[in-house]
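The structure under discussion appears below in the form of structure tokens.
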Amino acid sequence: MEDSNIGTHHELPSKWHQTFYTLWLGCFVTGMGYSMTMPFVSLFINELGNFSRFELNLYSGMAFAATFISQAIVSPYWGSLADRKGRKLMCMRASGVMACTIFITGLSVNVWMIIGMRFLQGAFSGYINNSIALMAGETPHSKSGWVMSAMTTAGVTGNLIGPLLGGALSGAWGYRIPFFITGGLMFGVFIATSFLVKEKFTPIKKENMKPMQALMGQIDNRQLIVVMFITTMLVQSSVMSINPIVSLYVKEMMHDTGNIAFVAGIVAATPGLGNLVAASKVGHTMDRIGPKKVLTTGLIVAAVLFIPMTLTNSPWMLAFWRFLLGFANAALMPAAQTILTLEVPTEAFGRIFSYNQSFHAGSVLGALLGSTISGLFSYSAVFAITGCTLLLDFLLVYLTQHRAKTIN
């Protein structure tokens, strides 16, 4: 009989804190590096040529989408490799390549170089995804909600600080400097992960791995897993439909006067602040009442909050409503990831979380949709359509849960 522990994690070690804090810090730097550079890519691109409004919106969307296109294509391969070789190796791979690609992006001389580096970065990405999968396997189910929220909070905290730091650096020294700094920080993450992360993992040969069909057969509510994949896609789409055009929207509302980069950084950061404030409470609430109730509540609140964002014409009111949106966001991805953690066999974590990562391709849809709609119509129209998308996801999740209760 095969060893049931092959390819899985052992019991939670007594000295797991070093690994947790190292991965938390790595996720924090990854989130900060992303948000320190990406909100200003559209402004960076604008400096590299004379583009029309539509061209600028389109190229900005492509720059955002490139990472997620390659990510969606390659993630299943990395997930299979993670289940065989462990998640630490995947974190090292992601942080090492990010250090190089982000630094090189800062050297870009045209928009296609930016898009190309973003595509390459996506093909080797996955630090946060693999960190979460690693900790999911190390954590007792009774603590899953808190740990998933804590890991997500790491990236969110970075996303909060990043735009403020990136806006200040860009305003003072130009849009290239944040890319150089982020590249250096990611190299530090690579070193820390290599030496400080300890993973209790027994490698498994490829021929001994159970096929996904057999693993999915062990899951009682397979439809719920599929809906979580779709939720990941739609939530990512809702986020990325806004991100590429936030700085341009702020620029329009400020009539192209004042410190646009700094104000855009504040507007980009406010959801992260709201998320950070709510994350711990949401995590403990998930452990108490379950992630499914938290997810449905978060979706309906987020959908409603997009109504006033559609109507505002002030960057500061937009920042306020996005701050409240952060409270709702704290209940979205962590809840979906917690549901996957509780419903999926441990030996399939790598593949399931990587398949879930593939559904981050919703970011492609969101980025291109947001850029296209804003180019053809208006920036406020993007917020209206995004709210409708989250409302549709709420209905899908609610109906799936109701059907499962009826069957049981």
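Each chain in the structure tokens gets a letter, A, B and so on, in the order shown; residues start at 1 in every chain, and ligands are counted from 1 in the order they appear.
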Give me the residues near stretch 30-45 of chain A as a compact mmCIF listing (two decimals) with N, CA and C atoms, in the first residue's frame, where near means some atom within 6 Å (using only C-alpha atoms) and where sequence neighbours in that chain fewer than 4 positions away do not count.
# COMPACT_ATOMS: atom_id res chain seq x y z
N SER A 60 -2.38 50.33 -22.13
CA SER A 60 -2.39 50.13 -20.68
C SER A 60 -3.08 48.82 -20.33
N VAL A 111 6.70 50.78 -25.53
CA VAL A 111 5.58 50.11 -24.88
C VAL A 111 5.65 48.60 -25.05
N GLY A 155 -0.36 40.60 1.16
CA GLY A 155 -0.38 41.24 -0.15
C GLY A 155 -1.17 42.53 -0.15
N GLY A 158 0.79 45.31 1.41
CA GLY A 158 1.73 45.78 0.40
C GLY A 158 1.04 46.64 -0.64
N ASN A 159 -0.16 46.21 -1.05
CA ASN A 159 -0.93 46.97 -2.03
C ASN A 159 -1.33 48.34 -1.49
N GLY A 162 2.24 50.36 -1.37
CA GLY A 162 2.87 50.48 -2.68
C GLY A 162 2.48 51.71 -3.48
N PRO A 163 1.18 51.97 -3.68
CA PRO A 163 0.80 53.15 -4.49
C PRO A 163 1.27 54.47 -3.88
N GLY A 166 5.03 54.43 -4.43
CA GLY A 166 5.27 54.56 -5.86
C GLY A 166 4.91 55.94 -6.38
N TYR A 175 9.04 57.61 -13.39
CA TYR A 175 8.31 56.36 -13.30
C TYR A 175 9.19 55.12 -13.35
N PRO A 178 10.61 53.25 -9.31
CA PRO A 178 9.92 52.19 -8.56
C PRO A 178 10.20 50.78 -9.10
N THR A 182 11.74 47.86 -6.78
CA THR A 182 10.98 46.62 -6.64
C THR A 182 11.81 45.41 -7.03
Contacts of stretch 243-256 of chain A at 9 Å (only C-alpha atoms; same-chain gap of 2+ positions) as a VMD selection string:
chain A and resid 38 to 43 57 60 to 61 63 to 64 239 to 241 258 to 261 263 to 265 267 to 268 313 to 315 367 370 to 371 374 379 to 380
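Residues in contact range of stretch 21-28 of chain A, defined as at most 7 Å between only C-alpha atoms, with sequence neighbours fewer than 5 positions away removed, read A:Ile128, A:Ser131, A:Met151, A:Ala154, A:Gly155, A:Thr157, A:Gly158, A:Val189, A:Ala192, A:Thr193, A:Leu196, A:Val197.
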Take the residues from that selection and write them out as a compact mmCIF listing (two decimals), in the first residue's frame, keeping C-alpha atoms.
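Below you can see again_31.txt, which holds the result:
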# COMPACT_ATOMS: atom_id res chain seq x y z
CA ILE A 128 1.57 34.57 -3.31
CA SER A 131 2.81 30.70 -0.34
CA MET A 151 -1.66 35.60 4.07
CA ALA A 154 0.17 40.48 3.52
CA GLY A 155 -0.38 41.24 -0.15
CA THR A 157 -0.90 45.59 3.12
CA GLY A 158 1.73 45.78 0.40
CA VAL A 189 12.55 37.93 -1.05
CA ALA A 192 14.91 35.03 2.41
CA THR A 193 12.66 32.32 0.96
CA LEU A 196 14.32 30.76 5.99
CA VAL A 197 11.29 28.86 4.64
Quick one: of A:Tyr355, A:Phe229, A:Phe306, A:Phe377, who's nearest to A:Met333, counting only C-alpha atoms?
A:Phe229
Taking 5 positions as the minimum chain separation for residues in the same chain, which residues sit within 8 Å of A:Ala328 when counting only C-alpha atoms? Answer as a PDB file with N, CA, C and O atoms, in the first residue's frame.
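Below is the file that was written, out06.pdb:
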ATOM      1  N   ASN A 275      -9.307  46.996   3.330  1.00  0.00           N
ATOM      2  CA  ASN A 275      -9.094  45.547   3.437  1.00  0.00           C
ATOM      3  C   ASN A 275      -8.271  45.222   4.663  1.00  0.00           C
ATOM      4  O   ASN A 275      -8.577  44.283   5.409  1.00  0.00           O
ATOM      5  N   GLY A 298     -20.011  39.582   1.216  1.00  0.00           N
ATOM      6  CA  GLY A 298     -19.017  40.449   0.602  1.00  0.00           C
ATOM      7  C   GLY A 298     -19.359  40.809  -0.830  1.00  0.00           C
ATOM      8  O   GLY A 298     -19.178  41.962  -1.253  1.00  0.00           O
ATOM      9  N   LEU A 299     -19.882  39.853  -1.580  1.00  0.00           N
ATOM     10  CA  LEU A 299     -20.210  40.092  -2.984  1.00  0.00           C
ATOM     11  C   LEU A 299     -21.342  41.114  -3.142  1.00  0.00           C
ATOM     12  O   LEU A 299     -21.268  42.015  -3.975  1.00  0.00           O
ATOM     13  N   VAL A 301     -22.354  43.407  -0.964  1.00  0.00           N
ATOM     14  CA  VAL A 301     -21.926  44.724  -0.487  1.00  0.00           C
ATOM     15  C   VAL A 301     -21.032  45.398  -1.527  1.00  0.00           C
ATOM     16  O   VAL A 301     -21.185  46.592  -1.822  1.00  0.00           O
ATOM     17  N   ALA A 302     -20.103  44.648  -2.098  1.00  0.00           N
ATOM     18  CA  ALA A 302     -19.205  45.208  -3.111  1.00  0.00           C
ATOM     19  C   ALA A 302     -19.982  45.703  -4.321  1.00  0.00           C
ATOM     20  O   ALA A 302     -19.709  46.787  -4.858  1.00  0.00           O
TER      21      ALA A 302
END
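Among A:Thr232, A:Arg93, A:Phe119, A:Val277, the residue with the shortest atom-to-atom distance to A:Ile191, counting only C-alpha atoms, is A:Arg93.
Across A:Met286, A:Leu276, A:Ala168, A:Leu392, the tightest approach to A:Leu325 is made by A:Leu276 when counting only C-alpha atoms.
Nearest residue to A:Ala269, choosing from A:Arg222, A:Lys88, A:Arg322, A:Lys292 and counting only C-alpha atoms: A:Arg322.
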Neighbour list for A:Met309 as a ChimeraX atom specification, cut-off 7 Å, only C-alpha atoms, skip fewer than 4 positions in-chain
/A:305,318,321,383
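Ranking A:Ala136, A:Gly184, A:Met92, A:Val397 by their shortest atom-to-atom distance to A:Leu342, with only C-alpha atoms included, puts A:Ala136 first.
Coordinates place atom CA of A:Thr338 at a distance of 26.8 Å from atom CA of A:Met186.
Atom pair atom CA of A:Pro334 / atom CA of A:Ser149: separated by 5.4 Å.
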Using only C-alpha atoms, the best pick from A:Ile115, A:Leu134, A:Ile161, A:Leu224 as closest to A:Asp83 would be A:Leu134
If we count only C-alpha atoms and set the cut-off at 10 Å, which residues sit around A:Ile177, ignoring sequence neighbours fewer than 2 positions away in its own chain? Please answer as a PyMOL selection string.
chain A and resi 37+103+106-107+166+169-170+172-175+179-182
Expected file: the selected residues, N, CA, C and O atoms, as a short mmCIF file (atom, residue, chain, number, x, y, z; two decimals), in the first residue's frame:
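This is the output file part-v3.cif:
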data_model
loop_
_atom_site.label_atom_id
_atom_site.label_comp_id
_atom_site.auth_asym_id
_atom_site.auth_seq_id
_atom_site.Cartn_x
_atom_site.Cartn_y
_atom_site.Cartn_z
N THR A 37 4.30 49.85 -8.79
CA THR A 37 4.63 50.08 -10.19
C THR A 37 3.41 50.12 -11.11
O THR A 37 3.30 51.02 -11.95
N PHE A 103 12.89 44.68 -12.80
CA PHE A 103 14.03 45.59 -12.96
C PHE A 103 14.20 45.98 -14.42
O PHE A 103 14.39 47.16 -14.76
N GLY A 106 11.89 48.60 -15.91
CA GLY A 106 12.29 49.98 -15.66
C GLY A 106 13.24 50.52 -16.72
O GLY A 106 13.40 51.74 -16.84
N LEU A 107 13.85 49.63 -17.50
CA LEU A 107 14.77 50.04 -18.56
C LEU A 107 14.07 50.18 -19.91
O LEU A 107 14.73 50.46 -20.92
N GLY A 166 5.03 54.43 -4.43
CA GLY A 166 5.27 54.56 -5.86
C GLY A 166 4.91 55.94 -6.38
O GLY A 166 5.62 56.50 -7.22
N LEU A 169 7.69 58.36 -5.19
CA LEU A 169 8.93 58.14 -5.94
C LEU A 169 8.79 58.60 -7.39
O LEU A 169 9.70 59.23 -7.94
N SER A 170 7.64 58.27 -8.00
CA SER A 170 7.43 58.65 -9.40
C SER A 170 7.36 60.16 -9.56
O SER A 170 7.89 60.72 -10.52
N ALA A 172 8.79 62.35 -7.72
CA ALA A 172 10.08 62.98 -7.43
C ALA A 172 11.15 62.63 -8.46
O ALA A 172 11.93 63.50 -8.87
N TRP A 173 11.22 61.35 -8.87
CA TRP A 173 12.34 60.90 -9.70
C TRP A 173 11.93 60.20 -11.00
O TRP A 173 12.78 59.70 -11.72
N GLY A 174 10.64 60.13 -11.28
CA GLY A 174 10.22 59.53 -12.54
C GLY A 174 9.66 58.13 -12.35
O GLY A 174 9.83 57.51 -11.29
N TYR A 175 9.04 57.61 -13.39
CA TYR A 175 8.31 56.36 -13.30
C TYR A 175 9.19 55.12 -13.35
O TYR A 175 8.73 54.01 -13.07
N PHE A 179 10.40 50.64 -10.41
CA PHE A 179 10.70 49.32 -10.98
C PHE A 179 12.07 48.83 -10.51
O PHE A 179 12.24 47.65 -10.19
N PHE A 180 13.03 49.72 -10.46
CA PHE A 180 14.38 49.33 -10.01
C PHE A 180 14.35 48.92 -8.53
O PHE A 180 14.96 47.92 -8.14
N ILE A 181 13.65 49.70 -7.71
CA ILE A 181 13.56 49.39 -6.28
C ILE A 181 12.84 48.06 -6.06
O ILE A 181 13.27 47.22 -5.25
N THR A 182 11.74 47.86 -6.78
CA THR A 182 10.98 46.62 -6.64
C THR A 182 11.81 45.41 -7.03
O THR A 182 11.77 44.36 -6.37
#
Would you mind listing what lies within 12 Å of A:Lys281 as a list in words, with only C-alpha atoms counted and same-chain residues fewer than 2 positions away left out?
Gly145, Trp146, Ser149, Ala150, Thr153, Gly274, Asn275, Leu276, Val277, Ala278, Ala279, Gly283, His284, Thr285, Met286, Asp287, Arg288, Val294, Phe327, Ala328, Ala330 and Ala331 of chain A
Create the file for the chosen residues now, containing all heavy atoms and written as a compact mmCIF listing (two decimals), in the first residue's frame.
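Below is the file out_2.txt, written as the result:
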# COMPACT_ATOMS: atom_id res chain seq x y z
N GLY A 145 -9.28 29.82 8.23
CA GLY A 145 -9.83 31.13 7.92
C GLY A 145 -8.88 32.24 8.30
O GLY A 145 -8.62 33.15 7.52
N TRP A 146 -8.32 32.15 9.52
CA TRP A 146 -7.42 33.19 9.99
C TRP A 146 -6.13 33.22 9.18
O TRP A 146 -5.66 34.29 8.77
CB TRP A 146 -7.08 32.98 11.47
CG TRP A 146 -6.16 34.05 11.98
CD1 TRP A 146 -6.51 35.30 12.43
CD2 TRP A 146 -4.73 34.00 12.05
NE1 TRP A 146 -5.40 36.02 12.77
CE2 TRP A 146 -4.28 35.25 12.55
CE3 TRP A 146 -3.79 33.02 11.74
CZ2 TRP A 146 -2.94 35.54 12.76
CZ3 TRP A 146 -2.44 33.30 11.94
CH2 TRP A 146 -2.03 34.54 12.44
N SER A 149 -6.69 34.57 5.67
CA SER A 149 -6.87 36.02 5.73
C SER A 149 -5.55 36.72 6.00
O SER A 149 -5.25 37.77 5.43
CB SER A 149 -7.89 36.39 6.82
OG SER A 149 -9.19 36.00 6.43
N ALA A 150 -4.75 36.13 6.90
CA ALA A 150 -3.45 36.73 7.23
C ALA A 150 -2.54 36.75 6.01
O ALA A 150 -1.87 37.75 5.74
CB ALA A 150 -2.79 35.95 8.37
N THR A 153 -3.83 39.27 3.67
CA THR A 153 -3.58 40.59 4.22
C THR A 153 -2.16 41.06 3.92
O THR A 153 -1.91 42.27 3.76
CB THR A 153 -3.80 40.59 5.75
OG1 THR A 153 -5.15 40.23 6.01
CG2 THR A 153 -3.54 41.97 6.35
N GLY A 274 -8.83 49.74 3.54
CA GLY A 274 -10.08 49.16 4.04
C GLY A 274 -9.97 47.66 4.25
O GLY A 274 -10.45 47.11 5.25
N ASN A 275 -9.31 47.00 3.33
CA ASN A 275 -9.09 45.55 3.44
C ASN A 275 -8.27 45.22 4.66
O ASN A 275 -8.58 44.28 5.41
CB ASN A 275 -8.39 45.06 2.16
CG ASN A 275 -8.48 43.56 1.98
OD1 ASN A 275 -8.26 42.81 2.91
ND2 ASN A 275 -8.79 43.13 0.77
N LEU A 276 -7.22 45.99 4.88
CA LEU A 276 -6.34 45.76 6.03
C LEU A 276 -7.09 45.92 7.34
O LEU A 276 -6.92 45.13 8.27
CB LEU A 276 -5.16 46.74 5.96
CG LEU A 276 -4.13 46.66 7.09
CD1 LEU A 276 -3.48 45.28 7.10
CD2 LEU A 276 -3.09 47.75 6.92
N VAL A 277 -7.93 46.96 7.42
CA VAL A 277 -8.69 47.21 8.64
C VAL A 277 -9.65 46.05 8.94
O VAL A 277 -9.83 45.64 10.09
CB VAL A 277 -9.49 48.53 8.51
CG1 VAL A 277 -10.46 48.70 9.68
CG2 VAL A 277 -8.54 49.72 8.45
N ALA A 278 -10.25 45.49 7.89
CA ALA A 278 -11.29 44.48 8.07
C ALA A 278 -10.78 43.04 8.08
O ALA A 278 -11.48 42.14 8.55
CB ALA A 278 -12.34 44.63 6.97
N ALA A 279 -9.57 42.79 7.56
CA ALA A 279 -9.12 41.42 7.28
C ALA A 279 -9.13 40.50 8.50
O ALA A 279 -9.63 39.38 8.44
CB ALA A 279 -7.73 41.45 6.65
N GLY A 283 -11.43 37.25 8.96
CA GLY A 283 -10.83 35.92 9.11
C GLY A 283 -11.41 35.17 10.30
O GLY A 283 -11.77 33.99 10.18
N HIS A 284 -11.53 35.84 11.44
CA HIS A 284 -12.10 35.19 12.62
C HIS A 284 -13.59 34.89 12.41
O HIS A 284 -14.11 33.87 12.89
CB HIS A 284 -11.91 36.08 13.85
CG HIS A 284 -10.49 36.13 14.33
ND1 HIS A 284 -9.79 35.02 14.75
CD2 HIS A 284 -9.61 37.17 14.45
CE1 HIS A 284 -8.56 35.35 15.11
NE2 HIS A 284 -8.42 36.66 14.93
N THR A 285 -14.27 35.77 11.69
CA THR A 285 -15.69 35.54 11.39
C THR A 285 -15.87 34.30 10.52
O THR A 285 -16.79 33.50 10.72
CB THR A 285 -16.30 36.77 10.68
OG1 THR A 285 -16.17 37.92 11.52
CG2 THR A 285 -17.78 36.54 10.37
N MET A 286 -14.95 34.11 9.55
CA MET A 286 -15.01 32.91 8.71
C MET A 286 -14.84 31.65 9.53
O MET A 286 -15.52 30.64 9.30
CB MET A 286 -13.94 32.98 7.62
CG MET A 286 -14.34 33.75 6.39
SD MET A 286 -13.24 33.44 5.00
CE MET A 286 -11.84 34.47 5.46
N ASP A 287 -13.92 31.67 10.49
CA ASP A 287 -13.71 30.50 11.34
C ASP A 287 -14.93 30.23 12.21
O ASP A 287 -15.18 29.09 12.61
CB ASP A 287 -12.47 30.71 12.24
CG ASP A 287 -11.17 30.60 11.44
OD1 ASP A 287 -11.16 29.89 10.42
OD2 ASP A 287 -10.18 31.23 11.85
N ARG A 288 -15.71 31.28 12.50
CA ARG A 288 -16.88 31.12 13.38
C ARG A 288 -18.14 30.72 12.62
O ARG A 288 -18.85 29.80 13.03
CB ARG A 288 -17.12 32.43 14.15
CG ARG A 288 -18.16 32.30 15.25
CD ARG A 288 -18.32 33.56 16.07
NE ARG A 288 -19.01 34.61 15.32
CZ ARG A 288 -18.42 35.69 14.85
NH1 ARG A 288 -17.12 35.88 15.03
NH2 ARG A 288 -19.12 36.60 14.19
N VAL A 294 -19.74 34.45 4.52
CA VAL A 294 -18.90 35.64 4.40
C VAL A 294 -18.76 36.05 2.94
O VAL A 294 -18.81 37.24 2.59
CB VAL A 294 -17.52 35.39 5.04
CG1 VAL A 294 -16.56 36.55 4.73
CG2 VAL A 294 -17.66 35.23 6.55
N PHE A 327 -13.39 46.94 2.60
CA PHE A 327 -14.02 46.11 3.63
C PHE A 327 -14.67 44.88 2.99
O PHE A 327 -14.56 43.76 3.49
CB PHE A 327 -15.08 46.91 4.39
CG PHE A 327 -14.53 47.84 5.43
CD1 PHE A 327 -13.88 49.01 5.05
CD2 PHE A 327 -14.64 47.57 6.78
CE1 PHE A 327 -13.35 49.88 5.99
CE2 PHE A 327 -14.13 48.43 7.73
CZ PHE A 327 -13.48 49.59 7.34
N ALA A 328 -15.37 45.12 1.87
CA ALA A 328 -16.03 44.02 1.18
C ALA A 328 -15.00 43.08 0.53
O ALA A 328 -15.15 41.85 0.56
CB ALA A 328 -16.98 44.56 0.11
N ALA A 330 -12.20 42.26 1.56
CA ALA A 330 -11.59 41.39 2.57
C ALA A 330 -12.35 40.08 2.72
O ALA A 330 -11.81 39.10 3.26
CB ALA A 330 -11.53 42.11 3.92
N ALA A 331 -13.59 40.06 2.22
CA ALA A 331 -14.41 38.86 2.34
C ALA A 331 -14.49 38.05 1.04
O ALA A 331 -15.17 37.03 1.00
CB ALA A 331 -15.83 39.25 2.76
Take atom CA of A:Met228 and atom CA of A:Ile132 and report the distance between them in Å, one decimal.
15.8 Å
